Structures are given as C-alpha cells and as structure tokens.
file upload_12.json (JSON, C-alpha atoms)
[["chain", "number", "residue", "atom", "x", "y", "z"],
["N", 296, "MET", "CA", 0.81, -14.31, -10.01],
["N", 297, "THR", "CA", -0.74, -11.32, -8.31],
["N", 298, "SER", "CA", 0.68, -10.22, -4.97],
["N", 299, "ILE", "CA", -1.41, -9.32, -1.94],
["N", 300, "LEU", "CA", -0.08, -5.78, -2.30],
["N", 301, "GLU", "CA", -1.33, -5.51, -5.89],
["N", 302, "THR", "CA", -4.69, -7.08, -5.10],
["N", 303, "ARG", "CA", -5.27, -4.67, -2.22],
["N", 304, "LEU", "CA", -4.40, -1.60, -4.30],
["N", 305, "LYS", "CA", -6.57, -2.85, -7.18],
["N", 306, "ARG", "CA", -9.57, -3.20, -4.84],
["N", 307, "GLN", "CA", -9.00, 0.27, -3.38],
["N", 308, "LEU", "CA", -8.83, 1.85, -6.83],
["N", 309, "ALA", "CA", -11.93, -0.02, -8.00],
["N", 310, "ALA", "CA", -13.82, 1.14, -4.90],
["N", 311, "LYS", "CA", -12.96, 4.72, -5.87],
["N", 312, "GLY", "CA", -14.49, 4.14, -9.31],
["N", 313, "GLU", "CA", -11.33, 3.64, -11.35],
["N", 314, "ASP", "CA", -12.27, 1.86, -14.61],
["N", 315, "ASN", "CA", -8.89, 0.23, -15.21],
["N", 316, "ALA", "CA", -8.03, -0.52, -11.57],
["N", 317, "LYS", "CA", -5.98, -3.62, -12.37],
["N", 318, "GLY", "CA", -3.76, -1.88, -14.93],
["N", 319, "LEU", "CA", -3.35, 1.24, -12.83],
["N", 320, "ALA", "CA", -2.46, -0.73, -9.69],
["N", 321, "HIS", "CA", 0.17, -2.70, -11.60],
["N", 322, "ALA", "CA", 1.65, 0.44, -13.18],
["N", 323, "LEU", "CA", 1.78, 2.32, -9.86],
["N", 324, "LEU", "CA", 3.52, -0.52, -8.05],
["N", 325, "VAL", "CA", 6.06, -0.91, -10.87],
["N", 326, "LYS", "CA", 6.71, 2.86, -10.82],
["N", 327, "ARG", "CA", 7.21, 2.80, -7.03],
["N", 328, "GLY", "CA", 9.59, -0.15, -7.35],
["N", 329, "HIS", "CA", 7.45, -2.56, -5.35],
["N", 330, "ILE", "CA", 6.94, -5.06, -8.16],
["N", 331, "LYS", "CA", 8.77, -5.95, -11.35],
["N", 332, "PRO", "CA", 6.97, -5.58, -14.70],
["N", 333, "ASN", "CA", 6.26, -9.34, -14.65],
["N", 334, "GLY", "CA", 4.40, -8.95, -11.33],
["N", 335, "GLU", "CA", 7.09, -10.44, -9.08],
["N", 336, "LEU", "CA", 7.66, -8.58, -5.81],
["N", 337, "THR", "CA", 10.92, -6.69, -5.38],
["N", 338, "THR", "CA", 12.75, -6.69, -2.04],
["N", 339, "GLU", "CA", 11.10, -3.36, -1.17],
["N", 340, "GLY", "CA", 7.72, -4.72, -2.28],
["N", 341, "GLN", "CA", 8.10, -7.76, -0.07],
["N", 342, "LYS", "CA", 8.88, -5.50, 2.90],
["N", 343, "ARG", "CA", 5.75, -3.42, 2.19],
["N", 344, "GLN", "CA", 3.61, -6.54, 1.84],
["N", 345, "ASP", "CA", 4.98, -7.98, 5.08],
["N", 346, "MET", "CA", 4.03, -4.75, 6.91],
["N", 347, "GLY", "CA", 0.36, -5.47, 6.40],
["N", 348, "ASN", "CA", -2.37, -2.87, 6.09],
["N", 349, "ALA", "CA", -1.78, -1.31, 9.50],
["N", 350, "GLY", "CA", 1.97, -1.06, 9.02],
["N", 351, "ARG", "CA", 1.65, 0.61, 5.63],
["N", 352, "ALA", "CA", -0.93, 3.11, 6.95],
["N", 353, "LYS", "CA", 1.29, 4.00, 9.90],
["N", 354, "ASP", "CA", 4.30, 4.29, 7.59],
["N", 355, "ARG", "CA", 2.45, 6.70, 5.28],
["N", 356, "ALA", "CA", 1.31, 8.81, 8.24],
["N", 357, "ALA", "CA", 4.78, 8.87, 9.80],
["N", 358, "LYS", "CA", 6.39, 9.95, 6.51],
["N", 359, "TYR", "CA", 3.80, 12.69, 6.01],
["N", 360, "SER", "CA", 4.07, 14.11, 9.54],
["N", 361, "LYS", "CA", 7.74, 13.22, 10.10],
["N", 362, "GLY", "CA", 6.83, 11.24, 13.21],
["N", 363, "LYS", "CA", 7.52, 7.72, 14.48],
["N", 364, "LEU", "CA", 5.41, 4.65, 13.69],
["N", 365, "SER", "CA", 4.71, 4.20, 17.40],
["N", 366, "ASP", "CA", 3.02, 7.63, 17.48],
["N", 367, "PHE", "CA", 0.09, 6.35, 15.42],
["N", 368, "THR", "CA", -2.91, 4.07, 15.82],
["N", 369, "TYR", "CA", -4.57, 2.28, 12.91],
["N", 370, "ASN", "CA", -8.28, 2.35, 12.07],
["N", 371, "PRO", "CA", -9.14, -0.63, 9.83],
["N", 372, "LYS", "CA", -12.50, 0.85, 8.85],
["N", 373, "THR", "CA", -10.87, 3.85, 7.16],
["N", 374, "ASN", "CA", -7.44, 2.27, 6.46],
["N", 375, "LYS", "CA", -5.83, 5.33, 8.03],
["N", 376, "ALA", "CA", -3.50, 5.96, 10.92],
["N", 377, "ARG", "CA", -4.01, 8.82, 13.35],
["N", 378, "LYS", "CA", -1.66, 10.37, 15.85],
["N", 379, "ARG", "CA", -2.33, 9.23, 19.41]]
call {"tool": "encode", "arguments": {"input": "upload_12.json", "output": "structure tokens"}}
result
Amino acid sequence: MTSILETRLKRQLAAKGEDNAKGLAHALLVKRGHIKPNGELTTEGQKRQDMGNAGRAKDRAAKYSKGKLSDFTYNPKTNKARKR
C-alpha cells in the first residue's frame, strides 16, 4: 500500500524528470525514517503525512531559516512557503 506521502514525492520527482521516481521516492522516505521498507508509515511518517502539503512546506522553511511555522505563508502553486 502506497502512502499519500510516497505518492506525492513520486509525482514531484517524476515532474522533475526522474526516470525511477517510484524507487527513488521509496528509498528517500525509508532513509528519512518516514516509511518502513515494506511501505508502512512510521510514527514520524504519519505525523508528516498528517501535516499536509502546506504544513510540510512551512516546516521545511522554518527549519531552513530557524523561524516559526506561523511566520510563513504557503503557496500551493509552487509548493513553497515564504516569510510573511
């Protein structure tokens, strides 16, 4: 069973021209600890999936700039968060 998290990453990699998007998405998520090798979500993976696209984008931006999630707004067209 493929998680929403894995499906989303696979589509993003395919859109960037990655030939083996499915395999790469699976390997990246296993390496990050978000899914188990059998495809089942870990506790951390379930948290990331529950965040949704906007939450994950804000989380990435906050980690990068060492800010707070509330400091950012999400743009669904670019899948990026920008500081307010």
call {"tool": "residues_around", "arguments": {"input": "upload_12.json", "residues": "Arg377 in chain N", "least_positions_apart": "5", "cutoff": "10 Å", "atoms": "all atoms listed in the file", "output": "PyMOL selection string"}}
result
chain N and resi 352-353+356-357+366-370
call {"tool": "closest_residue", "arguments": {"input": "upload_12.json", "among": "N:Arg379, N:Lys317, N:Arg303, N:Arg327", "to": "Glu339 in chain N", "atoms": "only C-alpha atoms"}}
result
N:Arg327
call {"tool": "atom_distance", "arguments": {"input": "upload_12.json", "atom1": "CA of Lys358 in chain N", "atom2": "CA of Asn374 in chain N"}}
result
15.8 Å
call {"tool": "residues_around", "arguments": {"input": "upload_12.json", "residues": "Glu335 in chain N", "least_positions_apart": "5", "cutoff": "12 Å", "atoms": "only C-alpha atoms", "output": "PyMOL selection string"}}
result
chain N and resi 296-301+321+324-325+328-330+340-341
call {"tool": "atom_distance", "arguments": {"input": "upload_12.json", "atom1": "CA of Lys361 in chain N", "atom2": "CA of Gly347 in chain N"}}
result
20.4 Å
call {"tool": "atom_distance", "arguments": {"input": "upload_12.json", "atom1": "CA of Lys372 in chain N", "atom2": "CA of Ser360 in chain N"}}
result
21.2 Å
call {"tool": "closest_residue", "arguments": {"input": "upload_12.json", "among": "N:Lys331, N:Lys363, N:Lys375, N:Lys311", "to": "Ala349 in chain N", "atoms": "only C-alpha atoms"}}
result
N:Lys375
call {"tool": "closest_residue", "arguments": {"input": "upload_12.json", "among": "N:Ser365, N:Arg343, N:Pro332, N:Lys305", "to": "Leu319 in chain N", "atoms": "all atoms listed in the file"}}
result
N:Lys305
call {"tool": "closest_residue", "arguments": {"input": "upload_12.json", "among": "N:Gly312, N:Gly350, N:Gly318, N:Gly334", "to": "Pro371 in chain N", "atoms": "only C-alpha atoms"}}
result
N:Gly350
call {"tool": "build_atoms", "arguments": {"input": "upload_12.json", "residues": "range 308-343 of chain N", "atoms": "N, CA and C atoms", "output": "PDB file, keeping the file's coordinate frame"}}
result
ATOM      1  N   LEU N 308      -8.600   1.013  -5.652  1.00  0.00           N
ATOM      2  CA  LEU N 308      -8.830   1.850  -6.830  1.00  0.00           C
ATOM      3  C   LEU N 308     -10.211   1.584  -7.433  1.00  0.00           C
ATOM      4  N   ALA N 309     -10.614   0.324  -7.468  1.00  0.00           N
ATOM      5  CA  ALA N 309     -11.930  -0.020  -8.000  1.00  0.00           C
ATOM      6  C   ALA N 309     -13.034   0.573  -7.130  1.00  0.00           C
ATOM      7  N   ALA N 310     -12.833   0.574  -5.822  1.00  0.00           N
ATOM      8  CA  ALA N 310     -13.820   1.140  -4.900  1.00  0.00           C
ATOM      9  C   ALA N 310     -13.966   2.648  -5.107  1.00  0.00           C
ATOM     10  N   LYS N 311     -12.912   3.277  -5.593  1.00  0.00           N
ATOM     11  CA  LYS N 311     -12.960   4.720  -5.870  1.00  0.00           C
ATOM     12  C   LYS N 311     -13.520   5.011  -7.256  1.00  0.00           C
ATOM     13  N   GLY N 312     -13.882   3.955  -8.006  1.00  0.00           N
ATOM     14  CA  GLY N 312     -14.490   4.140  -9.310  1.00  0.00           C
ATOM     15  C   GLY N 312     -13.539   4.123 -10.482  1.00  0.00           C
ATOM     16  N   GLU N 313     -12.317   3.701 -10.275  1.00  0.00           N
ATOM     17  CA  GLU N 313     -11.330   3.640 -11.350  1.00  0.00           C
ATOM     18  C   GLU N 313     -11.705   2.509 -12.311  1.00  0.00           C
ATOM     19  N   ASP N 314     -11.861   2.849 -13.606  1.00  0.00           N
ATOM     20  CA  ASP N 314     -12.270   1.860 -14.610  1.00  0.00           C
ATOM     21  C   ASP N 314     -11.218   0.784 -14.836  1.00  0.00           C
ATOM     22  N   ASN N 315      -9.976   1.177 -14.949  1.00  0.00           N
ATOM     23  CA  ASN N 315      -8.890   0.230 -15.210  1.00  0.00           C
ATOM     24  C   ASN N 315      -8.068   0.037 -13.937  1.00  0.00           C
ATOM     25  N   ALA N 316      -8.701  -0.401 -12.865  1.00  0.00           N
ATOM     26  CA  ALA N 316      -8.030  -0.520 -11.570  1.00  0.00           C
ATOM     27  C   ALA N 316      -6.865  -1.500 -11.623  1.00  0.00           C
ATOM     28  N   LYS N 317      -7.032  -2.615 -12.318  1.00  0.00           N
ATOM     29  CA  LYS N 317      -5.980  -3.620 -12.370  1.00  0.00           C
ATOM     30  C   LYS N 317      -4.728  -3.081 -13.051  1.00  0.00           C
ATOM     31  N   GLY N 318      -4.896  -2.443 -14.197  1.00  0.00           N
ATOM     32  CA  GLY N 318      -3.760  -1.880 -14.930  1.00  0.00           C
ATOM     33  C   GLY N 318      -3.095  -0.749 -14.179  1.00  0.00           C
ATOM     34  N   LEU N 319      -3.897   0.108 -13.575  1.00  0.00           N
ATOM     35  CA  LEU N 319      -3.350   1.240 -12.830  1.00  0.00           C
ATOM     36  C   LEU N 319      -2.589   0.771 -11.595  1.00  0.00           C
ATOM     37  N   ALA N 320      -3.140  -0.197 -10.878  1.00  0.00           N
ATOM     38  CA  ALA N 320      -2.460  -0.730  -9.690  1.00  0.00           C
ATOM     39  C   ALA N 320      -1.106  -1.310 -10.078  1.00  0.00           C
ATOM     40  N   HIS N 321      -1.084  -2.089 -11.145  1.00  0.00           N
ATOM     41  CA  HIS N 321       0.170  -2.700 -11.600  1.00  0.00           C
ATOM     42  C   HIS N 321       1.182  -1.613 -11.976  1.00  0.00           C
ATOM     43  N   ALA N 322       0.743  -0.622 -12.747  1.00  0.00           N
ATOM     44  CA  ALA N 322       1.650   0.440 -13.180  1.00  0.00           C
ATOM     45  C   ALA N 322       2.182   1.245 -12.005  1.00  0.00           C
ATOM     46  N   LEU N 323       1.330   1.559 -11.033  1.00  0.00           N
ATOM     47  CA  LEU N 323       1.780   2.320  -9.860  1.00  0.00           C
ATOM     48  C   LEU N 323       2.821   1.558  -9.051  1.00  0.00           C
ATOM     49  N   LEU N 324       2.577   0.276  -8.852  1.00  0.00           N
ATOM     50  CA  LEU N 324       3.520  -0.520  -8.050  1.00  0.00           C
ATOM     51  C   LEU N 324       4.849  -0.716  -8.777  1.00  0.00           C
ATOM     52  N   VAL N 325       4.810  -0.822 -10.100  1.00  0.00           N
ATOM     53  CA  VAL N 325       6.060  -0.910 -10.870  1.00  0.00           C
ATOM     54  C   VAL N 325       6.806   0.417 -10.752  1.00  0.00           C
ATOM     55  N   LYS N 326       6.090   1.531 -10.899  1.00  0.00           N
ATOM     56  CA  LYS N 326       6.710   2.860 -10.820  1.00  0.00           C
ATOM     57  C   LYS N 326       7.344   3.093  -9.449  1.00  0.00           C
ATOM     58  N   ARG N 327       6.687   2.636  -8.385  1.00  0.00           N
ATOM     59  CA  ARG N 327       7.210   2.800  -7.030  1.00  0.00           C
ATOM     60  C   ARG N 327       8.349   1.842  -6.724  1.00  0.00           C
ATOM     61  N   GLY N 328       8.536   0.829  -7.564  1.00  0.00           N
ATOM     62  CA  GLY N 328       9.590  -0.150  -7.350  1.00  0.00           C
ATOM     63  C   GLY N 328       9.209  -1.277  -6.415  1.00  0.00           C
ATOM     64  N   HIS N 329       7.906  -1.497  -6.244  1.00  0.00           N
ATOM     65  CA  HIS N 329       7.450  -2.560  -5.350  1.00  0.00           C
ATOM     66  C   HIS N 329       7.247  -3.890  -6.066  1.00  0.00           C
ATOM     67  N   ILE N 330       7.016  -3.839  -7.372  1.00  0.00           N
ATOM     68  CA  ILE N 330       6.940  -5.060  -8.160  1.00  0.00           C
ATOM     69  C   ILE N 330       7.715  -4.867  -9.451  1.00  0.00           C
ATOM     70  N   LYS N 331       8.110  -5.979 -10.046  1.00  0.00           N
ATOM     71  CA  LYS N 331       8.770  -5.950 -11.350  1.00  0.00           C
ATOM     72  C   LYS N 331       7.675  -5.962 -12.417  1.00  0.00           C
ATOM     73  N   PRO N 332       7.984  -5.592 -13.643  1.00  0.00           N
ATOM     74  CA  PRO N 332       6.970  -5.580 -14.700  1.00  0.00           C
ATOM     75  C   PRO N 332       6.245  -6.927 -14.881  1.00  0.00           C
ATOM     76  N   ASN N 333       6.905  -8.036 -14.532  1.00  0.00           N
ATOM     77  CA  ASN N 333       6.260  -9.340 -14.650  1.00  0.00           C
ATOM     78  C   ASN N 333       5.360  -9.663 -13.458  1.00  0.00           C
ATOM     79  N   GLY N 334       5.277  -8.768 -12.479  1.00  0.00           N
ATOM     80  CA  GLY N 334       4.400  -8.950 -11.330  1.00  0.00           C
ATOM     81  C   GLY N 334       5.082  -9.518 -10.093  1.00  0.00           C
ATOM     82  N   GLU N 335       6.349  -9.887 -10.218  1.00  0.00           N
ATOM     83  CA  GLU N 335       7.090 -10.440  -9.080  1.00  0.00           C
ATOM     84  C   GLU N 335       7.455  -9.316  -8.108  1.00  0.00           C
ATOM     85  N   LEU N 336       7.319  -9.576  -6.822  1.00  0.00           N
ATOM     86  CA  LEU N 336       7.660  -8.580  -5.810  1.00  0.00           C
ATOM     87  C   LEU N 336       9.164  -8.314  -5.781  1.00  0.00           C
ATOM     88  N   THR N 337       9.525  -7.044  -5.604  1.00  0.00           N
ATOM     89  CA  THR N 337      10.920  -6.690  -5.380  1.00  0.00           C
ATOM     90  C   THR N 337      11.186  -6.829  -3.876  1.00  0.00           C
ATOM     91  N   THR N 338      12.416  -6.624  -3.467  1.00  0.00           N
ATOM     92  CA  THR N 338      12.750  -6.690  -2.040  1.00  0.00           C
ATOM     93  C   THR N 338      11.945  -5.648  -1.270  1.00  0.00           C
ATOM     94  N   GLU N 339      11.871  -4.435  -1.808  1.00  0.00           N
ATOM     95  CA  GLU N 339      11.100  -3.360  -1.170  1.00  0.00           C
ATOM     96  C   GLU N 339       9.604  -3.718  -1.150  1.00  0.00           C
ATOM     97  N   GLY N 340       9.125  -4.300  -2.225  1.00  0.00           N
ATOM     98  CA  GLY N 340       7.720  -4.720  -2.280  1.00  0.00           C
ATOM     99  C   GLY N 340       7.397  -5.786  -1.262  1.00  0.00           C
ATOM    100  N   GLN N 341       8.313  -6.712  -1.065  1.00  0.00           N
ATOM    101  CA  GLN N 341       8.100  -7.760  -0.070  1.00  0.00           C
ATOM    102  C   GLN N 341       8.050  -7.170   1.330  1.00  0.00           C
ATOM    103  N   LYS N 342       8.900  -6.174   1.597  1.00  0.00           N
ATOM    104  CA  LYS N 342       8.880  -5.500   2.900  1.00  0.00           C
ATOM    105  C   LYS N 342       7.535  -4.821   3.126  1.00  0.00           C
ATOM    106  N   ARG N 343       7.036  -4.118   2.085  1.00  0.00           N
ATOM    107  CA  ARG N 343       5.750  -3.420   2.190  1.00  0.00           C
ATOM    108  C   ARG N 343       4.613  -4.423   2.413  1.00  0.00           C
TER     109      ARG N 343
END
